[in-house]
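A.B. asks: What follows is the file my_file.pdb, containing PDB, C-alpha atoms (C1' of nucleotides):
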```pdb
MODEL        1
ATOM      1  CA  MET A 256      29.209 -13.125  64.128
ATOM      2  CA  LYS A 257      28.457 -15.287  67.168
ATOM      3  CA  ALA A 258      25.295 -14.468  69.067
ATOM      4  CA  THR A 259      26.744 -14.237  72.547
ATOM      5  CA  HIS A 260      24.719 -13.183  75.552
ATOM      6  CA  GLN A 261      26.776  -9.978  75.889
ATOM      7  CA  ARG A 262      26.266  -8.974  72.283
ATOM      8  CA  ILE A 263      22.547  -9.458  72.502
ATOM      9  CA  VAL A 264      22.260  -7.321  75.631
ATOM     10  CA  ILE A 265      24.390  -4.568  74.089
ATOM     11  CA  PHE A 266      22.367  -4.653  70.913
ATOM     12  CA  LYS A 267      19.133  -4.244  72.857
ATOM     13  CA  ALA A 268      20.528  -1.285  74.786
ATOM     14  CA  LEU A 269      21.520   0.282  71.490
ATOM     15  CA  ALA A 270      18.171  -0.259  69.836
ATOM     16  CA  ASP A 271      16.421   1.363  72.791
ATOM     17  CA  SER A 272      18.243   4.643  72.527
ATOM     18  CA  THR A 273      17.782   7.205  69.825
ATOM     19  CA  LEU A 274      20.294   9.635  71.223
ATOM     20  CA  HIS A 275      23.521   8.158  69.856
ATOM     21  CA  PRO A 276      24.929   6.651  73.014
ATOM     22  CA  THR A 277      28.546   6.747  74.102
ATOM     23  CA  ILE A 278      30.434   3.650  75.185
ATOM     24  CA  ASP A 279      30.119   4.458  78.858
ATOM     25  CA  TRP A 280      26.389   5.121  78.578
ATOM     26  CA  LEU A 281      26.005   1.683  76.981
ATOM     27  CA  PHE A 282      28.279   0.139  79.600
ATOM     28  CA  GLU A 283      26.240   1.564  82.502
ATOM     29  CA  ARG A 284      23.014   0.566  80.816
ATOM     30  CA  VAL A 285      24.106  -2.980  80.042
ATOM     31  CA  LYS A 286      25.456  -3.528  83.546
ATOM     32  CA  GLU A 287      21.898  -3.286  84.856
ATOM     33  CA  SER A 288      20.923  -6.539  83.213
ATOM     34  CA  TYR A 289      24.396  -8.059  82.953
ATOM     35  CA  PRO A 290      26.486  -6.819  85.899
ATOM     36  CA  SER A 291      29.581  -8.873  85.135
ATOM     37  CA  ILE A 292      30.131  -7.385  81.681
ATOM     38  CA  SER A 293      33.454  -5.675  81.144
ATOM     39  CA  LEU A 294      34.078  -2.306  79.560
ATOM     40  CA  ALA A 295      36.518  -3.878  77.105
ATOM     41  CA  THR A 296      33.775  -6.170  75.868
ATOM     42  CA  VAL A 297      31.557  -3.196  75.117
ATOM     43  CA  TYR A 298      34.397  -1.583  73.165
ATOM     44  CA  LYS A 299      35.171  -4.764  71.251
ATOM     45  CA  THR A 300      31.527  -5.479  70.549
ATOM     46  CA  MET A 301      30.871  -2.006  69.202
ATOM     47  CA  GLU A 302      33.918  -2.397  66.999
ATOM     48  CA  THR A 303      32.513  -5.610  65.503
ATOM     49  CA  PHE A 304      29.103  -4.007  65.126
ATOM     50  CA  VAL A 305      30.695  -1.207  63.125
ATOM     51  CA  GLU A 306      32.628  -3.678  60.964
ATOM     52  CA  HIS A 307      29.472  -5.667  60.258
ATOM     53  CA  GLY A 308      27.429  -2.593  59.398
ATOM     54  CA  VAL A 309      25.096  -2.892  62.359
ATOM     55  CA  VAL A 310      25.843   0.636  63.544
ATOM     56  CA  LYS A 311      27.769   3.668  62.400
ATOM     57  CA  ARG A 312      30.425   5.387  64.453
ATOM     58  CA  VAL A 313      29.796   9.084  64.944
ATOM     59  CA  LYS A 314      32.782  11.205  65.879
ATOM     60  CA  CYS A 315      31.854  13.941  68.239
ATOM     61  CA  GLU A 316      33.246  17.307  69.233
ATOM     62  CA  ASP A 317      33.632  16.102  72.812
ATOM     63  CA  GLY A 318      36.145  13.491  71.672
ATOM     64  CA  LYS A 319      34.073  10.477  72.671
ATOM     65  CA  ASN A 320      32.790   7.933  70.231
ATOM     66  CA  ARG A 321      29.069   7.782  69.764
ATOM     67  CA  PHE A 322      27.085   5.221  67.826
ATOM     68  CA  ASP A 323      24.187   5.491  65.480
ATOM     69  CA  ALA A 324      21.856   2.554  65.058
ATOM     70  CA  ASN A 325      20.018   4.400  62.311
ATOM     71  CA  MET A 326      21.631   3.077  59.131
ATOM     72  CA  GLU A 327      19.414   5.007  56.738
ATOM     73  CA  PRO A 328      20.955   8.098  55.185
ATOM     74  CA  HIS A 329      20.202  11.066  57.419
ATOM     75  CA  ASN A 330      21.761  14.160  58.915
ATOM     76  CA  HIS A 331      22.518  15.349  62.408
ATOM     77  CA  MET A 332      21.790  18.244  64.671
ATOM     78  CA  TYR A 333      24.507  18.537  67.268
ATOM     79  CA  CYS A 334      23.901  20.271  70.589
ATOM     80  CA  GLU A 335      27.039  22.119  71.596
ATOM     81  CA  SER A 336      26.102  22.345  75.254
ATOM     82  CA  THR A 337      25.010  18.780  75.963
ATOM     83  CA  GLY A 338      26.856  16.864  73.237
ATOM     84  CA  ARG A 339      23.586  15.193  72.264
ATOM     85  CA  ILE A 340      22.876  14.348  68.638
ATOM     86  CA  PHE A 341      19.474  14.431  66.976
ATOM     87  CA  ASP A 342      18.665  12.838  63.651
ATOM     88  CA  PHE A 343      16.811  14.534  60.896
ATOM     89  CA  LYS A 344      16.033  13.317  57.442
ATOM     90  CA  ASP A 345      15.424  15.645  54.567
ATOM     91  CA  MET A 346      15.966  13.982  51.243
ATOM     92  CA  ASP A 347      15.203  17.204  49.367
ATOM     93  CA  LEU A 348      18.098  18.903  51.079
ATOM     94  CA  GLN A 349      20.379  15.929  50.536
ATOM     95  CA  THR A 350      19.518  15.800  46.855
ATOM     96  CA  LEU A 351      19.856  19.546  46.485
ATOM     97  CA  VAL A 352      23.409  19.464  47.833
ATOM     98  CA  GLU A 353      24.468  16.318  46.019
ATOM     99  CA  GLU A 354      23.192  17.557  42.695
ATOM    100  CA  TYR A 355      24.880  20.873  43.179
ATOM    101  CA  LEU A 356      28.152  19.150  43.997
ATOM    102  CA  SER A 357      27.965  16.743  41.087
ATOM    103  CA  SER A 358      28.059  19.737  38.755
ATOM    104  CA  LYS A 359      31.417  20.738  40.237
ATOM    105  CA  GLN A 360      34.751  19.297  39.318
ATOM    106  CA  LEU A 361      36.773  17.824  42.130
ATOM    107  CA  GLU A 362      40.332  17.212  41.090
ATOM    108  CA  ASN A 363      42.379  14.481  42.743
ATOM    109  CA  PHE A 364      39.683  13.649  45.278
ATOM    110  CA  GLU A 365      37.236  10.754  45.368
ATOM    111  CA  VAL A 366      34.076  11.583  47.312
ATOM    112  CA  SER A 367      32.597   8.938  49.554
ATOM    113  CA  GLU A 368      30.084  10.986  51.494
ATOM    114  CA  VAL A 369      28.725  14.490  51.859
ATOM    115  CA  GLN A 370      28.024  15.284  55.458
ATOM    116  CA  LEU A 371      25.710  18.057  56.510
ATOM    117  CA  GLN A 372      25.417  18.901  60.170
ATOM    118  CA  ILE A 373      23.525  21.625  61.979
ATOM    119  CA  ASN A 374      25.355  22.786  65.098
ATOM    120  CA  GLY A 375      23.713  24.791  67.831
ATOM    121  CA  ARG A 376      21.958  24.333  71.111
ATOM    122  CA  VAL A 377      18.856  22.742  72.467
ATOM    123  CA  LEU A 378      16.718  25.437  74.086
ATOM    124  CA  ASP A 379      14.694  23.350  76.512
ATOM    125  CA  PRO A 380      16.299  19.970  77.280
ATOM    126  CA  ASP A 381      12.954  18.575  78.430
ATOM    127  CA  LYS A 382      11.150  19.293  75.198
ATOM    128  CA  PRO A 383      11.716  17.409  71.955
ATOM    129  CA  VAL A 384      13.813  18.835  69.129
ATOM    130  CA  GLN A 385      12.067  18.850  65.793
ATOM    131  CA  TYR A 386      12.998  19.525  62.218
ATOM    132  CA  LYS A 387       9.885  20.185  60.168
ATOM    133  CA  ILE A 388      10.063  19.261  56.536
TER     134      ILE A 388
ATOM    135  CA  MET B 166      47.133  38.746  75.073
ATOM    136  CA  LYS B 167      50.852  39.099  75.809
ATOM    137  CA  ALA B 168      53.194  38.817  72.860
ATOM    138  CA  THR B 169      55.604  36.241  74.220
ATOM    139  CA  HIS B 170      58.389  34.746  72.160
ATOM    140  CA  GLN B 171      56.727  31.323  72.281
ATOM    141  CA  ARG B 172      53.394  32.619  71.034
ATOM    142  CA  ILE B 173      55.005  34.441  68.160
ATOM    143  CA  VAL B 174      56.897  31.358  67.036
ATOM    144  CA  ILE B 175      53.784  29.194  67.292
ATOM    145  CA  PHE B 176      51.756  31.736  65.375
ATOM    146  CA  LYS B 177      54.306  31.784  62.573
ATOM    147  CA  ALA B 178      54.311  28.000  62.342
ATOM    148  CA  LEU B 179      50.538  28.114  62.101
ATOM    149  CA  ALA B 180      50.434  30.767  59.426
ATOM    150  CA  ASP B 181      52.868  28.738  57.315
ATOM    151  CA  SER B 182      50.700  25.677  57.100
ATOM    152  CA  THR B 183      47.501  25.329  55.147
ATOM    153  CA  LEU B 184      46.917  21.750  56.112
ATOM    154  CA  HIS B 185      45.302  22.224  59.500
ATOM    155  CA  PRO B 186      48.153  21.143  61.728
ATOM    156  CA  THR B 187      47.864  18.990  64.824
ATOM    157  CA  ILE B 188      49.420  19.952  68.147
ATOM    158  CA  ASP B 189      52.341  17.595  67.720
ATOM    159  CA  TRP B 190      53.061  18.826  64.192
ATOM    160  CA  LEU B 191      53.211  22.363  65.571
ATOM    161  CA  PHE B 192      55.336  21.218  68.512
ATOM    162  CA  GLU B 193      57.903  19.523  66.254
ATOM    163  CA  ARG B 194      57.902  22.490  63.923
ATOM    164  CA  VAL B 195      58.325  25.081  66.661
ATOM    165  CA  LYS B 196      61.098  23.130  68.382
ATOM    166  CA  GLU B 197      63.281  23.761  65.326
ATOM    167  CA  SER B 198      63.509  27.456  66.103
ATOM    168  CA  TYR B 199      62.760  27.252  69.811
ATOM    169  CA  PRO B 200      64.112  23.943  71.132
ATOM    170  CA  SER B 201      63.270  24.562  74.792
ATOM    171  CA  ILE B 202      59.539  24.992  74.231
ATOM    172  CA  SER B 203      57.308  22.596  76.088
ATOM    173  CA  LEU B 204      54.381  20.635  74.713
ATOM    174  CA  ALA B 205      52.119  22.033  77.425
ATOM    175  CA  THR B 206      52.874  25.546  76.227
ATOM    176  CA  VAL B 207      51.752  24.633  72.726
ATOM    177  CA  TYR B 208      48.518  23.233  74.127
ATOM    178  CA  LYS B 209      47.906  26.271  76.322
ATOM    179  CA  THR B 210      48.793  28.702  73.551
ATOM    180  CA  MET B 211      46.449  27.081  71.063
ATOM    181  CA  GLU B 212      43.732  27.201  73.679
ATOM    182  CA  THR B 213      44.209  30.979  74.095
ATOM    183  CA  PHE B 214      44.345  31.410  70.322
ATOM    184  CA  VAL B 215      40.991  29.665  70.043
ATOM    185  CA  GLU B 216      39.521  31.815  72.836
ATOM    186  CA  HIS B 217      40.757  34.989  71.168
ATOM    187  CA  GLY B 218      39.440  34.000  67.765
ATOM    188  CA  VAL B 219      42.864  33.675  66.163
ATOM    189  CA  VAL B 220      42.197  30.130  65.004
ATOM    190  CA  LYS B 221      39.363  27.644  64.953
ATOM    191  CA  ARG B 222      39.546  24.183  66.425
ATOM    192  CA  VAL B 223      38.677  21.436  63.968
ATOM    193  CA  LYS B 224      37.616  18.126  65.433
ATOM    194  CA  CYS B 225      38.843  15.231  63.407
ATOM    195  CA  GLU B 226      37.867  11.631  62.906
ATOM    196  CA  ASP B 227      41.287  10.529  64.128
ATOM    197  CA  GLY B 228      40.556  12.018  67.538
ATOM    198  CA  LYS B 229      43.321  14.604  67.438
ATOM    199  CA  ASN B 230      42.696  18.319  67.518
ATOM    200  CA  ARG B 231      43.569  20.225  64.404
ATOM    201  CA  PHE B 232      43.592  23.974  63.941
ATOM    202  CA  ASP B 233      42.433  26.210  61.179
ATOM    203  CA  ALA B 234      44.036  29.612  60.741
ATOM    204  CA  ASN B 235      41.541  30.421  58.009
ATOM    205  CA  MET B 236      38.846  32.373  59.844
ATOM    206  CA  GLU B 237      36.745  33.137  56.788
ATOM    207  CA  PRO B 238      33.639  31.002  56.357
ATOM    208  CA  HIS B 239      34.569  27.949  54.306
ATOM    209  CA  ASN B 240      34.070  24.228  54.104
ATOM    210  CA  HIS B 241      36.296  21.193  54.351
ATOM    211  CA  MET B 242      37.257  18.183  52.347
ATOM    212  CA  TYR B 243      38.456  15.456  54.676
ATOM    213  CA  CYS B 244      40.750  12.688  53.472
ATOM    214  CA  GLU B 245      39.820   9.467  55.219
ATOM    215  CA  SER B 246      43.152   7.797  54.550
ATOM    216  CA  THR B 247      45.592  10.522  55.565
ATOM    217  CA  GLY B 248      43.467  12.598  57.951
ATOM    218  CA  ARG B 249      44.392  15.716  55.996
ATOM    219  CA  ILE B 250      41.892  18.527  55.603
ATOM    220  CA  PHE B 251      41.543  20.766  52.557
ATOM    221  CA  ASP B 252      39.663  24.026  52.508
ATOM    222  CA  PHE B 253      37.224  24.987  49.847
ATOM    223  CA  LYS B 254      35.035  28.016  49.614
ATOM    224  CA  ASP B 255      31.831  28.061  47.659
ATOM    225  CA  MET B 256      29.519  30.827  48.759
ATOM    226  CA  ASP B 257      26.852  29.733  46.300
ATOM    227  CA  LEU B 258      26.652  26.371  47.979
ATOM    228  CA  GLN B 259      26.677  27.902  51.429
ATOM    229  CA  THR B 260      23.885  30.303  50.513
ATOM    230  CA  LEU B 261      21.899  27.558  48.806
ATOM    231  CA  VAL B 262      21.924  25.436  51.944
ATOM    232  CA  GLU B 263      21.348  28.274  54.379
ATOM    233  CA  GLU B 264      18.434  29.631  52.411
ATOM    234  CA  TYR B 265      16.903  26.218  52.137
ATOM    235  CA  LEU B 266      17.258  25.702  55.879
ATOM    236  CA  SER B 267      15.861  29.102  56.788
ATOM    237  CA  SER B 268      12.583  28.067  55.160
ATOM    238  CA  LYS B 269      12.338  25.143  57.562
ATOM    239  CA  GLN B 270      11.089  25.311  61.092
ATOM    240  CA  LEU B 271      13.430  24.079  63.760
ATOM    241  CA  GLU B 272      11.668  23.604  67.050
ATOM    242  CA  ASN B 273      13.534  23.925  70.327
ATOM    243  CA  PHE B 274      16.911  24.325  68.648
ATOM    244  CA  GLU B 275      19.004  27.440  68.088
ATOM    245  CA  VAL B 276      21.324  27.110  65.088
ATOM    246  CA  SER B 277      24.837  28.509  65.375
ATOM    247  CA  GLU B 278      26.413  27.005  62.279
ATOM    248  CA  VAL B 279      25.699  24.771  59.317
ATOM    249  CA  GLN B 280      28.642  22.572  58.562
ATOM    250  CA  LEU B 281      29.137  20.931  55.211
ATOM    251  CA  GLN B 282      31.977  18.513  54.780
ATOM    252  CA  ILE B 283      32.998  16.341  51.863
ATOM    253  CA  ASN B 284      34.578  13.089  52.987
ATOM    254  CA  GLY B 285      36.598  10.875  50.727
ATOM    255  CA  ARG B 286      40.125  10.178  49.675
ATOM    256  CA  VAL B 287      42.951  11.999  48.004
ATOM    257  CA  LEU B 288      43.904  10.061  44.877
ATOM    258  CA  ASP B 289      47.502  11.181  44.419
ATOM    259  CA  PRO B 290      49.041  12.607  47.599
ATOM    260  CA  ASP B 291      51.673  14.442  45.578
ATOM    261  CA  LYS B 292      49.208  16.377  43.463
ATOM    262  CA  PRO B 293      47.050  19.204  44.724
ATOM    263  CA  VAL B 294      43.384  18.762  45.557
ATOM    264  CA  GLN B 295      41.104  21.242  43.860
ATOM    265  CA  TYR B 296      37.491  22.213  44.055
ATOM    266  CA  LYS B 297      36.473  24.121  40.938
ATOM    267  CA  ILE B 298      33.714  26.638  41.327
TER     268      ILE B 298
ATOM    269  C1'  DG C  67      36.725 -29.700  69.952
ATOM    270  C1'  DT C  68      38.171 -25.366  68.389
ATOM    271  C1'  DG C  69      38.132 -20.822  66.973
ATOM    272  C1'  DA C  70      36.076 -16.893  68.390
ATOM    273  C1'  DC C  71      34.681 -14.154  72.417
ATOM    274  C1'  DT C  72      35.124 -12.405  77.273
ATOM    275  C1'  DG C  73      37.117 -10.193  81.342
ATOM    276  C1'  DC C  74      40.859  -8.362  83.616
ATOM    277  C1'  DA C  75      44.535  -5.325  84.166
ATOM    278  C1'  DA C  76      48.056  -3.009  82.261
ATOM    279  C1'  DA C  77      49.458   0.099  78.607
ATOM    280  C1'  DC C  78      48.594   3.784  75.383
ATOM    281  C1'  DG C  79      48.120   8.426  73.354
ATOM    282  C1'  DG C  80      46.300  12.827  73.381
ATOM    283  C1'  DT C  81      45.224  16.283  76.569
ATOM    284  C1'  DT C  82      44.973  18.776  81.082
ATOM    285  C1'  DT C  83      46.596  20.325  85.478
ATOM    286  C1'  DG C  84      49.261  22.034  89.566
ATOM    287  C1'  DC C  85      52.862  24.497  90.771
ATOM    288  C1'  DA C  86      57.345  26.964  91.094
ATOM    289  C1'  DC C  87      59.695  29.983  88.244
ATOM    290  C1'  DC C  88      60.007  33.541  84.882
ATOM    291  C1'  DT C  89      58.744  37.582  81.817
ATOM    292  C1'  DC C  90      56.229  40.992  79.373
ATOM    293  C1'  DA C  91      53.812  45.358  79.929
TER     294       DA C  91
ATOM    295  C1'  DT D 274      56.109  45.091  90.336
ATOM    296  C1'  DG D 275      52.396  42.223  89.356
ATOM    297  C1'  DA D 276      49.378  39.600  86.358
ATOM    298  C1'  DG D 277      49.830  36.207  83.595
ATOM    299  C1'  DG D 278      52.806  32.919  80.717
ATOM    300  C1'  DT D 279      56.116  28.964  80.766
ATOM    301  C1'  DG D 280      58.072  24.321  81.651
ATOM    302  C1'  DC D 281      58.024  20.186  83.932
ATOM    303  C1'  DA D 282      56.021  16.062  85.604
ATOM    304  C1'  DA D 283      52.235  13.842  87.130
ATOM    305  C1'  DA D 284      47.468  12.987  86.433
ATOM    306  C1'  DC D 285      43.522  12.231  83.385
ATOM    307  C1'  DC D 286      40.401   9.938  80.403
ATOM    308  C1'  DG D 287      38.843   7.464  76.534
ATOM    309  C1'  DT D 288      40.476   3.700  74.197
ATOM    310  C1'  DT D 289      43.344  -0.466  72.974
ATOM    311  C1'  DT D 290      45.879  -4.606  73.898
ATOM    312  C1'  DG D 291      47.717  -9.149  75.600
ATOM    313  C1'  DC D 292      46.455 -13.051  77.522
ATOM    314  C1'  DA D 293      44.306 -16.836  80.152
ATOM    315  C1'  DG D 294      39.965 -18.726  80.620
ATOM    316  C1'  DT D 295      35.285 -19.524  78.547
ATOM    317  C1'  DC D 296      31.627 -20.307  75.301
ATOM    318  C1'  DA D 297      28.946 -20.763  70.921
ATOM    319  C1'  DC D 298      28.728 -23.500  67.105
TER     320       DC D 298
ENDMDL
END
```
Would you mind writing the file's structure down as structure tokens?

C.D. replies:
Amino acid sequence: MKATHQRIVIFKALADSTLHPTIDWLFERVKESYPSISLATVYKTMETFVEHGVVKRVKCEDGKNRFDANMEPHNHMYCESTGRIFDFKDMDLQTLVEEYLSSKQLENFEVSEVQLQINGRVLDPDKPVQYKI
Amino acid sequence: MKATHQRIVIFKALADSTLHPTIDWLFERVKESYPSISLATVYKTMETFVEHGVVKRVKCEDGKNRFDANMEPHNHMYCESTGRIFDFKDMDLQTLVEEYLSSKQLENFEVSEVQLQINGRVLDPDKPVQYKI
DNA sequence: GTGACTGCAAACGGTTTGCACCTCA
DNA sequence: TGAGGTGCAAACCGTTTGCAGTCAC
């Protein structure tokens, strides 16, 4: 993967944000420090980032792609009114579910991932959302 | 909700299928018995069905809308190679997760739903997929 | 130097919309 | 008869693509 100027700027914008940015958020952000960048480049770059395991793609109810720079296993809280995604990590919960499922028989299906997502709404958009373990 | 011919035909097509049809699957299907139907009508009808709680919308990795005529609480297995969705119902699992989560404190977030999805691949597309409780 | 990357603009695919006409209740 | 549903075509919006020019290695 070549370290082009564009890729570096996009990567920095990504690393800054914890809120799972969309392509157009990244595009607007990156334009500030690199005004001549094209939208297609952001799309293509994110595609390569996904292929190289730099980020994960997160499909969202609103239809847009979002990206997750957090590559550790974790779960999501999804806000149905703003479309924002919040990470939470609870290995006890993950283990609980995975162990339960491993005791079940799945016929004709090979599991790659068990995804657990809490949907709902943020009450006060100015305050932080927290999951207390 | 008016019982128009179009809506009845669409509803029947829906009830037939367990595999969470897309709009264009429904459109093709419905055209067989109602050739003059328009794609826009299928879109608008599904929208009213969702509003009236007749079906649920299921957002899919492939970007297309799918619909679920099964209104009972249940979970999904998602096949990453075909995009097909299979239902499974395991109340023990659901209760396990919900009880675990209710012991946690979620700050500034109102939960509407906990979604548990098993991603993976169907091994033999001609055989049924089964989750054994 | 060359293969990979960028930027542009045009195309794409799923979905939505505006509007004249029609139809169920 | 009137509120609301239908069909058509055009618009929309996020995303992808083809290609000529450019850049990192």

A.B. asks: Given the choices B:Leu179, B:Met166, B:Ser201, B:Val195, which gets closest to DG280 of chain D if the distance is worked out from only C-alpha atoms (C1' of nucleotides)?

C.D. replies: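 The closest residue to DG280 of chain D is B:Ser201.
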
A.B. asks: Between atom CA of Ser198 of chain B and atom CA of Glu216 of chain B, what is the distance in Å, rounded to a tenth?

C.D. replies: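 Those two atoms sit 25.3 Å apart.
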
A.B. asks: If we count all atoms listed in the file, which residues of chain C reach to within 8 Å of chain A? Please list them as a compact mmCIF listing (two decimals) with C-alpha atoms (C1' of nucleotides), in the coordinates of the input.

C.D. replies:
```
# COMPACT_ATOMS: atom_id res chain seq x y z
C1' DA C 70 36.08 -16.89 68.39
C1' DC C 71 34.68 -14.15 72.42
C1' DT C 72 35.12 -12.40 77.27
C1' DG C 73 37.12 -10.19 81.34
```

A.B. asks: List as a PyMOL selection string the protein and nucleic acid residues near DG67 of chain C, meaning an atom at most 12 Å away when all atoms listed in the file are counted, but skip any in the same chain fewer than 4 places from it.

C.D. replies: chain D and resi 296-298

A.B. asks: To one decimal place in Å, what is the distance between atom CA of Thr350 of chain A and atom CA of Val276 of chain B?

C.D. replies: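 Atom-to-atom, atom CA of Thr350 of chain A and atom CA of Val276 of chain B are spaced 21.5 Å apart.
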
A.B. asks: What is the distance, in Å and to one decimal place, between atom CA of Leu281 of chain A and atom CA of Glu272 of chain B?

C.D. replies: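 For atom CA of Leu281 of chain A relative to atom CA of Glu272 of chain B, the distance reads 28.0 Å.
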
A.B. asks: Can you spell out as a ChimeraX atom specification the set of residues that the PyMOL selection byres ((chain A and resi 331) around 7) selects in the structure I just provided?

C.D. replies: /A:329-330,332-333,340-343,372-373

A.B. asks: Go ahead and dump the residues you just picked, C-alpha atoms, as a CSV table (one decimal), in the frame of the given file.

C.D. replies:
```csv
chain,number,residue,atom,x,y,z
A,329,HIS,CA,20.2,11.1,57.4
A,330,ASN,CA,21.8,14.2,58.9
A,332,MET,CA,21.8,18.2,64.7
A,333,TYR,CA,24.5,18.5,67.3
A,340,ILE,CA,22.9,14.3,68.6
A,341,PHE,CA,19.5,14.4,67.0
A,342,ASP,CA,18.7,12.8,63.7
A,343,PHE,CA,16.8,14.5,60.9
A,372,GLN,CA,25.4,18.9,60.2
A,373,ILE,CA,23.5,21.6,62.0
```

A.B. asks: Which polymer residues have any atom within 12 Å of an atom of segment 285-289 of chain D, counting all atoms listed in the file, with same-chain residues fewer than 3 positions away left out, as number ranges by chain?

C.D. replies: A: 277-279, 294-299, 302, 317-321; B: 228; C: 76-83

A.B. asks: Suppose we keep C-alpha atoms (C1' of nucleotides); can you now write the selection as a tab-separated table (two decimals), in the coordinates of the input?

C.D. replies:
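Result file out-v2.tsv:
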```
chain	number	residue	atom	x	y	z
A	277	THR	CA	28.55	6.75	74.10
A	278	ILE	CA	30.43	3.65	75.18
A	279	ASP	CA	30.12	4.46	78.86
A	294	LEU	CA	34.08	-2.31	79.56
A	295	ALA	CA	36.52	-3.88	77.10
A	296	THR	CA	33.78	-6.17	75.87
A	297	VAL	CA	31.56	-3.20	75.12
A	298	TYR	CA	34.40	-1.58	73.17
A	299	LYS	CA	35.17	-4.76	71.25
A	302	GLU	CA	33.92	-2.40	67.00
A	317	ASP	CA	33.63	16.10	72.81
A	318	GLY	CA	36.15	13.49	71.67
A	319	LYS	CA	34.07	10.48	72.67
A	320	ASN	CA	32.79	7.93	70.23
A	321	ARG	CA	29.07	7.78	69.76
B	228	GLY	CA	40.56	12.02	67.54
C	76	DA	C1'	48.06	-3.01	82.26
C	77	DA	C1'	49.46	0.10	78.61
C	78	DC	C1'	48.59	3.78	75.38
C	79	DG	C1'	48.12	8.43	73.35
C	80	DG	C1'	46.30	12.83	73.38
C	81	DT	C1'	45.22	16.28	76.57
C	82	DT	C1'	44.97	18.78	81.08
C	83	DT	C1'	46.60	20.32	85.48
```

A.B. asks: The PyMOL selection byres ((chain D and resi 274) around 12) on the file shown: which residues, as JSON, numbers by chain?

C.D. replies: {"C": [89, 90, 91], "D": [275, 276]}

A.B. asks: Looking at B:Arg286, B:Arg194, B:Lys269, B:Arg249, which one is nearest to Ile175 of chain B, with distances taken over all atoms listed in the file?

C.D. replies: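 With all atoms listed in the file as the atom set, the closest residue is B:Arg194.
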
A.B. asks: Do you have, as CSV, the list of residues of chain D lying at most 9 Å from chain B, each with its nearest atom pair and that distance in Å to one decimal, counting only C-alpha atoms (C1' of nucleotides) and ordered by chain then number?

C.D. replies:
```
residue,atom,partner,partner_atom,distance
D:DG277,C1',B:Lys167,CA,8.4
D:DG278,C1',B:Thr169,CA,7.8
D:DT279,C1',B:Thr206,CA,6.5
D:DG280,C1',B:Ser203,CA,5.9
D:DC281,C1',B:Ser203,CA,8.2
```

A.B. asks: Could you write out as a PyMOL selection string the residues of chain B within 10 Å of chain A, counting all atoms listed in the file?

C.D. replies: chain B and resi 222-230+242-245+257-259+261-262+265-266+268-298

A.B. asks: Taking into account only C-alpha atoms, which residue in the set B:Pro186, B:Ser246, B:Phe192, B:Glu263 is nearest to Lys221 of chain B?

C.D. replies: B:Pro186
